[in-house]
Amino acid sequence: MLKDEFDRRTVLAATTALGAAALMPARAGAQTKTPSVGATLPARGEFVIRGAHVLSMDERVGDFAVGDVHVRDGAVVAVGASVTAPGAAVIDGHGMICMPGFVETHWHHWTTFLRPVLRADDATKTYFPVTFALGLHYTPPDSYRSVRLSLAQALAAGVTTTHNWAHNVRSPAHADAEIQAMRESGLRGRFAYGCPLGLPNDQPMDLADLARMKRDLAGDPMLTLGICSRNVDGSTGGTRGAIDAAMAKREWGAVRDLGLPITLHTSGSGAIKLLDEAGLLGADLQLVHPLNTEAADWAALAKHGVRYSTSPLGEAARPGDMQFIEMMQAGVPVSISIDNVTAEHCDCFACMHMLQAVNRHRTGGKFKLTTKKLVQMATIGGAEDLGLAGKTGSLTPGKRADIILVRTGAPHLGEIGDPYDALVQLAAPSDVDTVVVDGRILRRKGEFTALDYAKLLADAAQSVEALKASAKWT
Ligand SMILES: [Zn+2]
């Protein structure tokens, strides 16, 4: 399909869905080519982290109260109480917890830079109205800038793998812009290709471009591909779209023919029953927001190997119980996600703490959810969810080196006891000292090593002002 044809179709779609008032040409004078902020990443070298409290998240490797991690050419070479690594640069790990980077499993990076537009106590300016109104006007450079800013925040908070839930891909160029931002950030992740906001519910996503993207990403060492579906529960028609079972069968069938995984929001009720009856549940499906589900749903999910991603900071503000407990009791794997950072921040420590607190609040601690289990959910559990456990999620020799060092000297930590308790109950993103992804040191001593963050912020502000003008937002 020619790009112009796609653009016309997209605009037509938005018009059909929203009425003539939504018809908007491409932004006058807007850039369509995505300018790069800087694609140069630090080289992968050879180094050894010495003297850290090592939490490998691999039972075969174990933990070390004082231990070393040796990294060479992007891979973990050795983990142990004392590792020989002649010639390797030494990173002093004393006073630090050394662990795998966080693997979060659902995040709408394209919305991140809209944060300054939102207002918590004005219902017309909260997440959904703002992201929809301005989202219709995104150019590819806008997508690029928001994703880059967002991934900088991810890195600073110790997230080394992300599931980019891109549910506003307005054209193939927008998809390319998000991929470019992911590549240049240096993070590992999955790109979940979605529909443009406003696409009529009786039209499928751009399956031709999805196939093109699959070819583009074939063999990519850092990025994988999937889709994020519109809702199928039919109860949240609104701004994000809601397709029926027939469209889900058609769209998901084509996606599955490409061998790609699917992710879906299910915050409303009824989606799982509908999917089960339509024969659409499968081990390639990740659901997001375990709320408003029923016992029959849990059994169906376990039977079909479906996984769930919970975003505790946002879900705590929604109606209904947070049902990660029911899912885990039924045998449904649960991972942890950030969702968006417009009204909460990227804080995997707080996510784990929230799950611990909600479990105690709801079950009085009858459901056993240890701090170690919570750290597993935020690391290897996320990697398993995204099909990346062979590469990341634990400090295992042979896996890629996705590592964080969490400093334990801040006043809110002081002298720590159990390191898992400290990570879940006390630590904060500001304690993340060093971040390594695929053997590249992207953060060191709490600073970016190769990123002009001020430039990211300035570019983001420029895009947001242009979007507000284009959308006539006041
Ligand atoms: Zn979401």
# chains A, B, ... in the order shown; residues from 1 in each chain; ligands from 1
$ residues_around --residues "Ser430 in chain A" --least-positions-apart "3" --cutoff "8 Å" --atoms "only C-alpha atoms" --output "ChimeraX atom specification"
/A:156-157,433,446
$ residues_near_ligand --ligand "ligand 1" --cutoff "7 Å" --atoms "only C-alpha atoms and all ligand atoms" --output "ChimeraX atom specification"
/A:106-108,265,288,339
$ residues_around --residues "Trp298 in chain A" --least-positions-apart "4" --cutoff "8 Å" --atoms "only C-alpha atoms" --output "ChimeraX atom specification"
/A:293-294,302,326-327,330,332
$ closest_atom_pairs --of "range 247-355 of chain A" --to "range 143-152 of chain A" --cutoff "10 Å" --atoms "only C-alpha atoms" --output "Markdown table"
| residue | atom | partner | partner_atom | distance |
| --- | --- | --- | --- | --- |
| A:Asn340 | CA | A:Ser150 | CA | 9.2 |
| A:Val341 | CA | A:Ser150 | CA | 8.0 |
| A:Cys346 | CA | A:Ser150 | CA | 9.2 |
$ residues_around --residues "Gly393 in chain A" --least-positions-apart "3" --cutoff "7 Å" --atoms "only C-alpha atoms" --output "PyMOL selection string"
chain A and resi 100+103+379-380+383+389
$ write_last_selection --atoms "all heavy atoms" --output "short mmCIF file (atom, residue, chain, number, x, y, z; two decimals), in the first residue's frame"
data_model
loop_
_atom_site.label_atom_id
_atom_site.label_comp_id
_atom_site.auth_asym_id
_atom_site.auth_seq_id
_atom_site.Cartn_x
_atom_site.Cartn_y
_atom_site.Cartn_z
N PRO A 100 19.28 -8.47 37.79
CA PRO A 100 18.86 -8.23 36.41
C PRO A 100 18.07 -6.93 36.33
O PRO A 100 17.39 -6.55 37.29
CB PRO A 100 17.95 -9.42 36.09
CG PRO A 100 18.10 -10.38 37.22
CD PRO A 100 18.63 -9.63 38.38
N VAL A 103 12.07 -5.97 33.83
CA VAL A 103 11.41 -6.27 32.56
C VAL A 103 9.94 -5.94 32.74
O VAL A 103 9.20 -6.68 33.39
CB VAL A 103 11.58 -7.76 32.18
CG1 VAL A 103 10.89 -8.04 30.85
CG2 VAL A 103 13.06 -8.14 32.11
N THR A 379 11.30 -9.28 37.03
CA THR A 379 12.51 -9.53 36.24
C THR A 379 12.30 -10.75 35.33
O THR A 379 11.82 -10.61 34.21
CB THR A 379 13.73 -9.72 37.16
OG1 THR A 379 13.45 -10.76 38.12
CG2 THR A 379 14.07 -8.44 37.89
N ILE A 380 12.59 -11.94 35.82
CA ILE A 380 12.48 -13.13 34.99
C ILE A 380 11.02 -13.39 34.58
O ILE A 380 10.76 -13.89 33.48
CB ILE A 380 13.10 -14.36 35.71
CG1 ILE A 380 13.16 -15.56 34.78
CG2 ILE A 380 12.37 -14.69 36.99
CD1 ILE A 380 14.10 -15.42 33.61
N ALA A 383 10.37 -11.36 31.60
CA ALA A 383 11.06 -11.94 30.43
C ALA A 383 10.30 -13.15 29.91
O ALA A 383 10.18 -13.34 28.69
CB ALA A 383 12.49 -12.33 30.83
N ALA A 389 12.98 -15.04 27.98
CA ALA A 389 13.70 -15.60 29.13
C ALA A 389 14.99 -16.29 28.73
O ALA A 389 15.86 -16.49 29.58
CB ALA A 389 12.79 -16.56 29.89
#
$ select_by_dssp --residues "range 88-119 of chain A" --states "helix (DSSP H, G or I)" --output "number ranges by chain"
A: 109-117
$ write_last_selection --atoms "all heavy atoms" --output "short mmCIF file (atom, residue, chain, number, x, y, z; two decimals), in the first residue's frame"
data_model
loop_
_atom_site.label_atom_id
_atom_site.label_comp_id
_atom_site.auth_asym_id
_atom_site.auth_seq_id
_atom_site.Cartn_x
_atom_site.Cartn_y
_atom_site.Cartn_z
N HIS A 109 4.44 4.23 25.48
CA HIS A 109 5.49 5.25 25.46
C HIS A 109 5.09 6.49 24.64
O HIS A 109 5.59 7.57 24.90
CB HIS A 109 6.78 4.65 24.91
CG HIS A 109 7.40 3.63 25.82
ND1 HIS A 109 8.02 3.95 27.00
CD2 HIS A 109 7.45 2.27 25.73
CE1 HIS A 109 8.46 2.86 27.59
NE2 HIS A 109 8.12 1.82 26.84
N TRP A 110 4.20 6.30 23.67
CA TRP A 110 3.85 7.46 22.83
C TRP A 110 3.11 8.54 23.61
O TRP A 110 3.06 9.69 23.17
CB TRP A 110 3.05 7.02 21.60
CG TRP A 110 1.63 6.56 21.88
CD1 TRP A 110 1.21 5.30 22.13
CD2 TRP A 110 0.46 7.38 21.91
NE1 TRP A 110 -0.15 5.27 22.34
CE2 TRP A 110 -0.64 6.54 22.20
CE3 TRP A 110 0.21 8.76 21.71
CZ2 TRP A 110 -1.95 7.01 22.31
CZ3 TRP A 110 -1.09 9.24 21.82
CH2 TRP A 110 -2.16 8.36 22.12
N THR A 111 2.57 8.22 24.76
CA THR A 111 1.82 9.22 25.53
C THR A 111 2.70 9.99 26.53
O THR A 111 2.24 10.98 27.10
CB THR A 111 0.69 8.54 26.34
OG1 THR A 111 1.26 7.69 27.35
CG2 THR A 111 -0.22 7.71 25.44
N THR A 112 3.92 9.56 26.72
CA THR A 112 4.72 10.07 27.85
C THR A 112 4.89 11.58 27.84
O THR A 112 4.71 12.25 28.86
CB THR A 112 6.10 9.38 27.87
OG1 THR A 112 5.90 8.01 28.18
CG2 THR A 112 7.03 10.02 28.89
N PHE A 113 5.21 12.14 26.69
CA PHE A 113 5.55 13.58 26.73
C PHE A 113 4.33 14.48 26.86
O PHE A 113 4.45 15.70 26.95
CB PHE A 113 6.49 13.97 25.60
CG PHE A 113 5.92 14.07 24.20
CD1 PHE A 113 4.58 14.10 23.93
CD2 PHE A 113 6.80 14.19 23.12
CE1 PHE A 113 4.09 14.22 22.64
CE2 PHE A 113 6.34 14.31 21.82
CZ PHE A 113 4.97 14.32 21.58
N LEU A 114 3.12 13.87 26.90
CA LEU A 114 1.92 14.68 27.10
C LEU A 114 1.69 15.02 28.57
O LEU A 114 0.74 15.71 28.92
CB LEU A 114 0.69 13.93 26.54
CG LEU A 114 0.71 13.70 25.03
CD1 LEU A 114 -0.51 12.91 24.60
CD2 LEU A 114 0.78 15.03 24.28
N ARG A 115 2.57 14.53 29.42
CA ARG A 115 2.41 14.73 30.88
C ARG A 115 2.08 16.18 31.26
O ARG A 115 1.18 16.41 32.07
CB ARG A 115 3.70 14.27 31.56
CG ARG A 115 3.67 14.37 33.05
CD ARG A 115 5.04 14.02 33.61
NE ARG A 115 5.40 12.64 33.36
CZ ARG A 115 6.65 12.19 33.33
NH1 ARG A 115 7.66 13.01 33.51
NH2 ARG A 115 6.91 10.93 33.13
N PRO A 116 2.78 17.18 30.70
CA PRO A 116 2.50 18.55 31.16
C PRO A 116 1.11 19.05 30.79
O PRO A 116 0.66 20.06 31.33
CB PRO A 116 3.58 19.39 30.47
CG PRO A 116 4.33 18.50 29.57
CD PRO A 116 3.92 17.09 29.79
N VAL A 117 0.43 18.34 29.88
CA VAL A 117 -0.90 18.80 29.45
C VAL A 117 -1.99 18.30 30.40
O VAL A 117 -3.07 18.87 30.49
CB VAL A 117 -1.17 18.30 28.01
CG1 VAL A 117 -2.46 18.90 27.46
CG2 VAL A 117 0.00 18.65 27.08
#
$ residues_around --residues "Arg183 in chain A" --least-positions-apart "5" --cutoff "9 Å" --atoms "only C-alpha atoms" --output "list in words"
Ala39, Glu178, Arg188, Met222 and Leu223 of chain A
$ atom_distance --atom1 "CA of Ser463 in chain A" --atom2 "CA of Tyr138 in chain A"
8.8 Å
$ residues_around --residues "range 67-82 of chain A" --least-positions-apart "6" --cutoff "6 Å" --atoms "only C-alpha atoms" --output "PyMOL selection string"
chain A and resi 44-52+54+397-401+438-439
$ write_last_selection --atoms "N, CA and C atoms" --output "CSV table (one decimal), in the first residue's frame"
chain,number,residue,atom,x,y,z
A,44,ARG,N,30.1,-2.1,23.7
A,44,ARG,CA,30.1,-3.2,24.6
A,44,ARG,C,31.6,-3.6,25.0
A,45,GLY,N,31.9,-3.5,26.2
A,45,GLY,CA,33.3,-3.8,26.5
A,45,GLY,C,33.4,-5.1,27.4
A,46,GLU,N,34.4,-5.1,28.2
A,46,GLU,CA,34.6,-6.2,29.1
A,46,GLU,C,34.8,-5.6,30.5
A,47,PHE,N,33.9,-6.0,31.4
A,47,PHE,CA,34.1,-5.5,32.8
A,47,PHE,C,33.6,-6.5,33.8
A,48,VAL,N,34.0,-6.3,35.0
A,48,VAL,CA,33.5,-7.2,36.1
A,48,VAL,C,33.0,-6.3,37.3
A,49,ILE,N,31.8,-6.6,37.7
A,49,ILE,CA,31.3,-5.9,38.9
A,49,ILE,C,31.7,-6.7,40.1
A,50,ARG,N,32.4,-6.0,41.0
A,50,ARG,CA,33.0,-6.8,42.2
A,50,ARG,C,32.4,-6.3,43.5
A,51,GLY,N,32.2,-7.3,44.3
A,51,GLY,CA,31.8,-7.0,45.7
A,51,GLY,C,30.4,-6.6,46.0
A,52,ALA,N,29.5,-6.8,45.0
A,52,ALA,CA,28.1,-6.5,45.2
A,52,ALA,C,27.3,-7.6,45.9
A,54,VAL,N,24.8,-9.9,45.1
A,54,VAL,CA,24.3,-10.4,43.8
A,54,VAL,C,23.1,-11.2,43.9
A,397,PRO,N,25.1,-17.1,33.2
A,397,PRO,CA,26.1,-17.1,32.2
A,397,PRO,C,25.6,-17.6,30.8
A,398,GLY,N,25.9,-16.8,29.8
A,398,GLY,CA,25.4,-17.1,28.5
A,398,GLY,C,24.2,-16.2,28.1
A,399,LYS,N,23.5,-15.7,29.0
A,399,LYS,CA,22.4,-14.7,28.7
A,399,LYS,C,23.0,-13.3,28.4
A,400,ARG,N,22.3,-12.5,27.8
A,400,ARG,CA,22.7,-11.1,27.5
A,400,ARG,C,22.8,-10.4,28.9
A,401,ALA,N,23.7,-9.4,28.9
A,401,ALA,CA,24.0,-8.7,30.2
A,401,ALA,C,23.1,-7.5,30.3
A,438,ASP,N,22.4,-5.2,27.4
A,438,ASP,CA,23.2,-5.9,26.3
A,438,ASP,C,24.7,-5.6,26.4
A,439,GLY,N,25.1,-5.4,27.6
A,439,GLY,CA,26.6,-5.2,27.8
A,439,GLY,C,27.0,-3.7,27.7
$ residues_around --residues "Ala350 in chain A" --least-positions-apart "4" --cutoff "10 Å" --atoms "only C-alpha atoms" --output "list in words"
Pro312, Leu313, His345, Cys346, Met354, Leu355, Gln356, Leu423, Val424, Gln425, Leu426, Ala427, Ala428 and Pro429 of chain A
$ write_last_selection --atoms "all heavy atoms" --output "short mmCIF file (atom, residue, chain, number, x, y, z; two decimals), in the first residue's frame"
data_model
loop_
_atom_site.label_atom_id
_atom_site.label_comp_id
_atom_site.auth_asym_id
_atom_site.auth_seq_id
_atom_site.Cartn_x
_atom_site.Cartn_y
_atom_site.Cartn_z
N PRO A 312 0.11 -2.06 38.72
CA PRO A 312 -0.49 -1.80 40.05
C PRO A 312 -0.78 -0.34 40.33
O PRO A 312 -1.80 -0.02 40.95
CB PRO A 312 0.56 -2.34 41.02
CG PRO A 312 1.46 -3.21 40.22
CD PRO A 312 1.41 -2.72 38.81
N LEU A 313 0.09 0.55 39.89
CA LEU A 313 -0.08 1.95 40.28
C LEU A 313 -1.34 2.55 39.66
O LEU A 313 -2.03 3.35 40.28
CB LEU A 313 1.16 2.78 39.90
CG LEU A 313 2.48 2.30 40.52
CD1 LEU A 313 3.59 3.28 40.20
CD2 LEU A 313 2.35 2.09 42.03
N HIS A 345 4.58 7.42 37.97
CA HIS A 345 5.91 7.39 37.41
C HIS A 345 6.38 5.96 37.20
O HIS A 345 5.75 5.01 37.63
CB HIS A 345 6.90 8.20 38.24
CG HIS A 345 7.01 7.77 39.66
ND1 HIS A 345 5.92 7.54 40.46
CD2 HIS A 345 8.09 7.54 40.43
CE1 HIS A 345 6.33 7.18 41.67
NE2 HIS A 345 7.64 7.17 41.67
N CYS A 346 7.51 5.86 36.50
CA CYS A 346 8.08 4.54 36.24
C CYS A 346 8.81 4.11 37.50
O CYS A 346 9.91 4.57 37.77
CB CYS A 346 9.03 4.61 35.06
SG CYS A 346 9.93 3.06 34.82
N MET A 354 3.30 -2.12 46.00
CA MET A 354 1.84 -2.04 45.90
C MET A 354 1.23 -3.43 45.85
O MET A 354 0.22 -3.71 46.52
CB MET A 354 1.46 -1.25 44.65
CG MET A 354 -0.03 -1.21 44.35
SD MET A 354 -0.92 -0.08 45.42
CE MET A 354 -0.55 1.48 44.61
N LEU A 355 1.83 -4.34 45.10
CA LEU A 355 1.29 -5.70 45.03
C LEU A 355 1.38 -6.38 46.39
O LEU A 355 0.45 -7.10 46.81
CB LEU A 355 2.03 -6.51 43.96
CG LEU A 355 1.83 -6.06 42.51
CD1 LEU A 355 2.63 -6.95 41.57
CD2 LEU A 355 0.36 -6.06 42.10
N GLN A 356 2.48 -6.17 47.07
CA GLN A 356 2.61 -6.74 48.42
C GLN A 356 1.51 -6.19 49.34
O GLN A 356 0.85 -6.95 50.08
CB GLN A 356 3.99 -6.39 49.00
CG GLN A 356 4.22 -6.97 50.39
CD GLN A 356 5.42 -6.33 51.09
OE1 GLN A 356 5.53 -5.10 51.16
NE2 GLN A 356 6.30 -7.16 51.59
N LEU A 423 14.43 -4.14 48.36
CA LEU A 423 14.01 -3.75 47.01
C LEU A 423 12.51 -3.51 46.94
O LEU A 423 12.04 -2.58 46.28
CB LEU A 423 14.39 -4.86 46.01
CG LEU A 423 15.89 -5.02 45.72
CD1 LEU A 423 16.15 -6.29 44.92
CD2 LEU A 423 16.43 -3.80 44.98
N VAL A 424 11.74 -4.35 47.61
CA VAL A 424 10.28 -4.25 47.52
C VAL A 424 9.73 -3.14 48.41
O VAL A 424 8.81 -2.42 48.04
CB VAL A 424 9.63 -5.60 47.87
CG1 VAL A 424 8.11 -5.47 48.00
CG2 VAL A 424 9.99 -6.65 46.82
N GLN A 425 10.31 -2.98 49.59
CA GLN A 425 9.68 -2.12 50.59
C GLN A 425 10.34 -0.75 50.77
O GLN A 425 9.71 0.17 51.27
CB GLN A 425 9.66 -2.85 51.94
CG GLN A 425 8.88 -4.16 51.87
CD GLN A 425 8.90 -4.98 53.15
OE1 GLN A 425 8.00 -5.75 53.40
NE2 GLN A 425 9.93 -4.82 53.96
N LEU A 426 11.59 -0.63 50.35
CA LEU A 426 12.32 0.60 50.68
C LEU A 426 12.92 1.34 49.49
O LEU A 426 13.01 2.56 49.50
CB LEU A 426 13.47 0.25 51.66
CG LEU A 426 13.06 -0.44 52.97
CD1 LEU A 426 14.31 -0.88 53.75
CD2 LEU A 426 12.20 0.48 53.82
N ALA A 427 13.36 0.61 48.49
CA ALA A 427 14.15 1.23 47.43
C ALA A 427 13.28 2.09 46.50
O ALA A 427 12.06 1.95 46.45
CB ALA A 427 14.89 0.16 46.63
N ALA A 428 13.95 2.96 45.75
CA ALA A 428 13.28 3.89 44.83
C ALA A 428 14.13 4.01 43.57
O ALA A 428 15.32 3.68 43.57
CB ALA A 428 13.13 5.26 45.50
N PRO A 429 13.53 4.49 42.47
CA PRO A 429 14.31 4.63 41.24
C PRO A 429 15.58 5.46 41.42
O PRO A 429 16.59 5.21 40.75
CB PRO A 429 13.33 5.33 40.28
CG PRO A 429 11.99 4.88 40.75
CD PRO A 429 12.10 4.80 42.25
#
$ closest_residue --among "A:Ser56, A:Asn164, A:Thr126, A:Ser394" --to "Ala181 in chain A" --atoms "only C-alpha atoms"
A:Asn164
$ closest_residue --among "A:Gln153, A:Pro290, A:Ala242, A:Leu274" --to "Val432 in chain A" --atoms "only C-alpha atoms"
A:Gln153
$ select_by_dssp --residues "range 278-370 of chain A" --states "strand (DSSP E or B)" --output "PyMOL selection string"
chain A and resi 285-288+307-310+334-336+339
$ write_last_selection --atoms "all heavy atoms" --output "JSON list (two decimals), in the first residue's frame"
[["chain", "number", "residue", "atom", "x", "y", "z"],
["A", 285, "LEU", "N", -1.07, -15.08, 23.85],
["A", 285, "LEU", "CA", -1.89, -13.93, 24.24],
["A", 285, "LEU", "C", -1.51, -13.43, 25.63],
["A", 285, "LEU", "O", -1.43, -14.20, 26.58],
["A", 285, "LEU", "CB", -3.37, -14.34, 24.24],
["A", 285, "LEU", "CG", -4.39, -13.28, 24.69],
["A", 285, "LEU", "CD1", -4.36, -12.05, 23.78],
["A", 285, "LEU", "CD2", -5.79, -13.88, 24.73],
["A", 286, "GLN", "N", -1.26, -12.13, 25.70],
["A", 286, "GLN", "CA", -1.06, -11.46, 26.99],
["A", 286, "GLN", "C", -2.25, -10.54, 27.23],
["A", 286, "GLN", "O", -2.61, -9.76, 26.34],
["A", 286, "GLN", "CB", 0.22, -10.60, 26.97],
["A", 286, "GLN", "CG", 0.48, -9.85, 28.27],
["A", 286, "GLN", "CD", 1.21, -8.52, 28.06],
["A", 286, "GLN", "OE1", 0.77, -7.64, 27.32],
["A", 286, "GLN", "NE2", 2.36, -8.38, 28.70],
["A", 287, "LEU", "N", -2.87, -10.65, 28.39],
["A", 287, "LEU", "CA", -3.93, -9.74, 28.78],
["A", 287, "LEU", "C", -3.37, -8.73, 29.77],
["A", 287, "LEU", "O", -2.41, -9.01, 30.49],
["A", 287, "LEU", "CB", -5.10, -10.51, 29.39],
["A", 287, "LEU", "CG", -5.72, -11.60, 28.51],
["A", 287, "LEU", "CD1", -6.86, -12.29, 29.23],
["A", 287, "LEU", "CD2", -6.20, -11.02, 27.17],
["A", 288, "VAL", "N", -4.00, -7.55, 29.81],
["A", 288, "VAL", "CA", -3.52, -6.46, 30.66],
["A", 288, "VAL", "C", -4.66, -5.96, 31.54],
["A", 288, "VAL", "O", -5.77, -5.74, 31.05],
["A", 288, "VAL", "CB", -3.00, -5.31, 29.78],
["A", 288, "VAL", "CG1", -2.54, -4.14, 30.65],
["A", 288, "VAL", "CG2", -1.87, -5.78, 28.87],
["A", 307, "ARG", "N", -1.24, -15.28, 29.65],
["A", 307, "ARG", "CA", -0.53, -14.56, 30.71],
["A", 307, "ARG", "C", -1.23, -13.24, 31.00],
["A", 307, "ARG", "O", -1.97, -12.73, 30.16],
["A", 307, "ARG", "CB", 0.91, -14.28, 30.27],
["A", 307, "ARG", "CG", 1.71, -15.54, 30.04],
["A", 307, "ARG", "CD", 3.09, -15.27, 29.46],
["A", 307, "ARG", "NE", 3.81, -16.53, 29.32],
["A", 307, "ARG", "CZ", 4.47, -17.13, 30.31],
["A", 307, "ARG", "NH1", 4.53, -16.56, 31.50],
["A", 307, "ARG", "NH2", 5.09, -18.27, 30.12],
["A", 308, "TYR", "N", -0.95, -12.71, 32.20],
["A", 308, "TYR", "CA", -1.55, -11.41, 32.56],
["A", 308, "TYR", "C", -0.46, -10.44, 32.98],
["A", 308, "TYR", "O", 0.51, -10.81, 33.64],
["A", 308, "TYR", "CB", -2.53, -11.56, 33.73],
["A", 308, "TYR", "CG", -3.94, -11.13, 33.37],
["A", 308, "TYR", "CD1", -4.99, -12.03, 33.35],
["A", 308, "TYR", "CD2", -4.21, -9.80, 33.05],
["A", 308, "TYR", "CE1", -6.28, -11.64, 33.01],
["A", 308, "TYR", "CE2", -5.50, -9.40, 32.71],
["A", 308, "TYR", "CZ", -6.52, -10.32, 32.69],
["A", 308, "TYR", "OH", -7.79, -9.93, 32.35],
["A", 309, "SER", "N", -0.63, -9.19, 32.58],
["A", 309, "SER", "CA", 0.25, -8.11, 33.02],
["A", 309, "SER", "C", -0.57, -7.20, 33.94],
["A", 309, "SER", "O", -1.66, -6.76, 33.57],
["A", 309, "SER", "CB", 0.76, -7.32, 31.82],
["A", 309, "SER", "OG", 1.50, -6.18, 32.25],
["A", 310, "THR", "N", -0.03, -6.93, 35.13],
["A", 310, "THR", "CA", -0.72, -6.03, 36.05],
["A", 310, "THR", "C", 0.07, -4.74, 36.18],
["A", 310, "THR", "O", 1.30, -4.75, 36.27],
["A", 310, "THR", "CB", -0.92, -6.70, 37.43],
["A", 310, "THR", "OG1", -1.67, -5.82, 38.27],
["A", 310, "THR", "CG2", 0.39, -7.01, 38.14],
["A", 334, "VAL", "N", 1.78, -13.96, 36.11],
["A", 334, "VAL", "CA", 1.51, -12.52, 36.18],
["A", 334, "VAL", "C", 2.84, -11.77, 36.18],
["A", 334, "VAL", "O", 3.76, -12.10, 36.93],
["A", 334, "VAL", "CB", 0.72, -12.17, 37.45],
["A", 334, "VAL", "CG1", 0.51, -10.66, 37.55],
["A", 334, "VAL", "CG2", -0.64, -12.88, 37.46],
["A", 335, "SER", "N", 2.92, -10.76, 35.31],
["A", 335, "SER", "CA", 4.10, -9.90, 35.26],
["A", 335, "SER", "C", 3.67, -8.48, 35.61],
["A", 335, "SER", "O", 2.49, -8.20, 35.79],
["A", 335, "SER", "CB", 4.75, -9.96, 33.88],
["A", 335, "SER", "OG", 3.83, -9.53, 32.90],
["A", 336, "ILE", "N", 4.65, -7.59, 35.68],
["A", 336, "ILE", "CA", 4.42, -6.23, 36.18],
["A", 336, "ILE", "C", 4.66, -5.21, 35.07],
["A", 336, "ILE", "O", 5.63, -5.33, 34.32],
["A", 336, "ILE", "CB", 5.35, -5.94, 37.38],
["A", 336, "ILE", "CG1", 4.95, -6.85, 38.56],
["A", 336, "ILE", "CG2", 5.30, -4.47, 37.77],
["A", 336, "ILE", "CD1", 5.88, -6.74, 39.76],
["A", 339, "ASP", "N", 2.46, 0.83, 32.31],
["A", 339, "ASP", "CA", 1.26, 1.36, 31.66],
["A", 339, "ASP", "C", 1.52, 2.73, 31.03],
["A", 339, "ASP", "O", 1.65, 2.84, 29.82],
["A", 339, "ASP", "CB", 0.09, 1.42, 32.64],
["A", 339, "ASP", "CG", -1.25, 1.64, 31.96],
["A", 339, "ASP", "OD1", -1.27, 2.00, 30.77],
["A", 339, "ASP", "OD2", -2.30, 1.44, 32.60]]
$ atom_distance --atom1 "CA of Gly219 in chain A" --atom2 "CA of Asp176 in chain A"
16.4 Å
$ atom_distance --atom1 "CA of Thr371 in chain A" --atom2 "CA of Cys348 in chain A"
12.9 Å
$ closest_residue --among "A:Ile179, A:Ala254, A:Asn292, A:Ile404" --to "Asp233 in chain A" --atoms "only C-alpha atoms"
A:Asn292
$ closest_residue --among "A:Gln462, A:Thr396, A:Thr139, A:Thr408" --to "His53 in chain A" --atoms "only C-alpha atoms"
A:Thr408
$ closest_residue --among "A:Glu315, A:Lys372, A:Trp165, A:Asp284" --to "Asp418 in chain A" --atoms "only C-alpha atoms"
A:Lys372
